[in-house]
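Novice: Dropping a structure here in structure tokens format, bear with me for questions.
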Amino acid sequence: MKKPGPKPKRKRPIRKSSVKPRPANGRFPRASRESASRSKRRGSKVAAVATLRAKKSKAPPPPILRKPTAEEIAYQHALAQFESAVRLLNDNHYGQARSAFDRLAETATSDLAQRARIYLNICNQRLARPAVQLKTAEDHYNYGVQLANQGMLEDAEAALKKALKLAPQCDYIHYALASTSALRDNPEQAMEHLEHAIGLNARNRYLAQNDPDFSGLGEDPRFTELLYPEKPV
């Protein structure tokens, strides 16, 4: 019996390289050249899109600000006064509105002055009233308060002074004169009448503490001492 000899070795298959050898003439086949050309065009297109996006993302230059002329500044100022006068008219302050429209009708530009004259006629119509017959201090007082509420402070003060002549010891007439004087920027007269009003009736002190008509006197030390006489301990 023959002794088995060694098993024959298996030959490993030779793997083919995936790298194609460069042709002898140094040129790739046509398909490779077209692929390289397409890659080059694709790269150029991507670069162009990136450049376009960069241009779009750039912030626009800031606008050049032009200084307004003197005529434009004056018109804006007159327009603000006109709008303020319209608000006074809507709030039934016909006296103050009439004064504002009267000034604008003389000083504003032609278009704004024409509009101001229209509103001025409205104010005159609202303020037109038949002559009232005032006899007592109460009549003059009520009439003065009505004028003050309409913004006609000068006429209101005149009516209240007539009421005070008929009733010089009436505290609420002194108080009304004090508030009217404060609104007319007359602190001396306002302090005088307010002191009389508080002397006749201490309740007027607490009324004045919360009355916005006296806001212009808030920094006057005399006003503070009159309303808050109690000194802290």
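Please note that chains go A, B, ... in the order of the structure tokens, that every chain numbers its residues from 1, and that ligands are numbered from 1 in the order shown.
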Show which residues sit within 12 Å of A:Gly218, as number ranges by chain. Count only C-alpha atoms, and ignore same-chain residues fewer than 3 positions away.

Specialist: A: 182, 187, 191, 208-215, 221-228

Novice: Restrict the selected residues to C-alpha atoms and save them as a PDB file, in the first residue's frame.

Specialist:
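Once everything was written out, this is out.pdb:
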```
ATOM      1  CA  ALA A 182     -51.297 128.911  38.230  1.00  0.00           C
ATOM      2  CA  PRO A 187     -47.284 132.049  40.769  1.00  0.00           C
ATOM      3  CA  MET A 191     -50.056 131.594  46.037  1.00  0.00           C
ATOM      4  CA  ALA A 208     -54.603 121.325  46.115  1.00  0.00           C
ATOM      5  CA  GLN A 209     -52.270 118.423  46.954  1.00  0.00           C
ATOM      6  CA  ASN A 210     -53.834 116.338  44.162  1.00  0.00           C
ATOM      7  CA  ASP A 211     -54.828 119.111  41.762  1.00  0.00           C
ATOM      8  CA  PRO A 212     -52.855 118.981  38.464  1.00  0.00           C
ATOM      9  CA  ASP A 213     -53.550 122.685  37.901  1.00  0.00           C
ATOM     10  CA  PHE A 214     -50.835 123.430  40.485  1.00  0.00           C
ATOM     11  CA  SER A 215     -48.189 121.176  38.938  1.00  0.00           C
ATOM     12  CA  PRO A 221     -40.795 125.985  48.402  1.00  0.00           C
ATOM     13  CA  ARG A 222     -43.616 128.307  49.471  1.00  0.00           C
ATOM     14  CA  PHE A 223     -46.127 126.009  47.786  1.00  0.00           C
ATOM     15  CA  THR A 224     -44.677 122.958  49.548  1.00  0.00           C
ATOM     16  CA  GLU A 225     -44.716 124.663  52.947  1.00  0.00           C
ATOM     17  CA  LEU A 226     -48.309 125.788  52.409  1.00  0.00           C
ATOM     18  CA  LEU A 227     -49.582 122.325  51.463  1.00  0.00           C
ATOM     19  CA  TYR A 228     -47.429 120.317  53.881  1.00  0.00           C
TER      20      TYR A 228
END
```

Novice: Which of these residues is nearest to A:Arg117, using only C-alpha atoms: A:Glu230, A:Leu134, A:Ala156, A:Phe82?

Specialist: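 Distance minimum relative to A:Arg117 lands on A:Phe82.
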
Novice: Hey, which of A:Ala74, A:Ala159, A:Met152, A:Leu112 ends up closest to A:Ala97? Count only C-alpha atoms.

Specialist: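 Residue with the minimum atom-to-atom distance to A:Ala97: A:Met152.
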
Novice: Which one of A:His193, A:Lys67, A:Lys162, A:Arg115 sits closest to A:Ala176 if you count only C-alpha atoms?

Specialist: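 Among the listed residues, the smallest separation from A:Ala176 belongs to A:His193.
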
Novice: If we count only C-alpha atoms and set the cut-off at 10 Å, which residues sit around stretch 167-171 of chain A, ignoring sequence neighbours fewer than 3 positions away in its own chain? Please answer as a count of residues only.

Specialist: 23

Novice: For atom CA of A:Leu147 and atom CA of A:Asp91, quote the distance in Å rounded to one decimal.

Specialist: 13.7 Å

Novice: Could you work out how far atom CA of A:Glu219 lies from atom CA of A:Glu154, giving the answer in Å with one decimal?

Specialist: 24.2 Å

Novice: A:Tyr119: which residues within 10 Å, counting only C-alpha atoms, same-chain residues fewer than 5 positions away excluded, as a ChimeraX atom specification?

Specialist: /A:82,85-86,89,97-98,101-102,105,113-114,124-125

Novice: Mind giving me the straight-line distance from atom CA of A:Val145 to atom CA of A:Leu104 in Å, one decimal?

Specialist: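 About the pair atom CA of A:Val145 and atom CA of A:Leu104: they are 27.6 Å apart.
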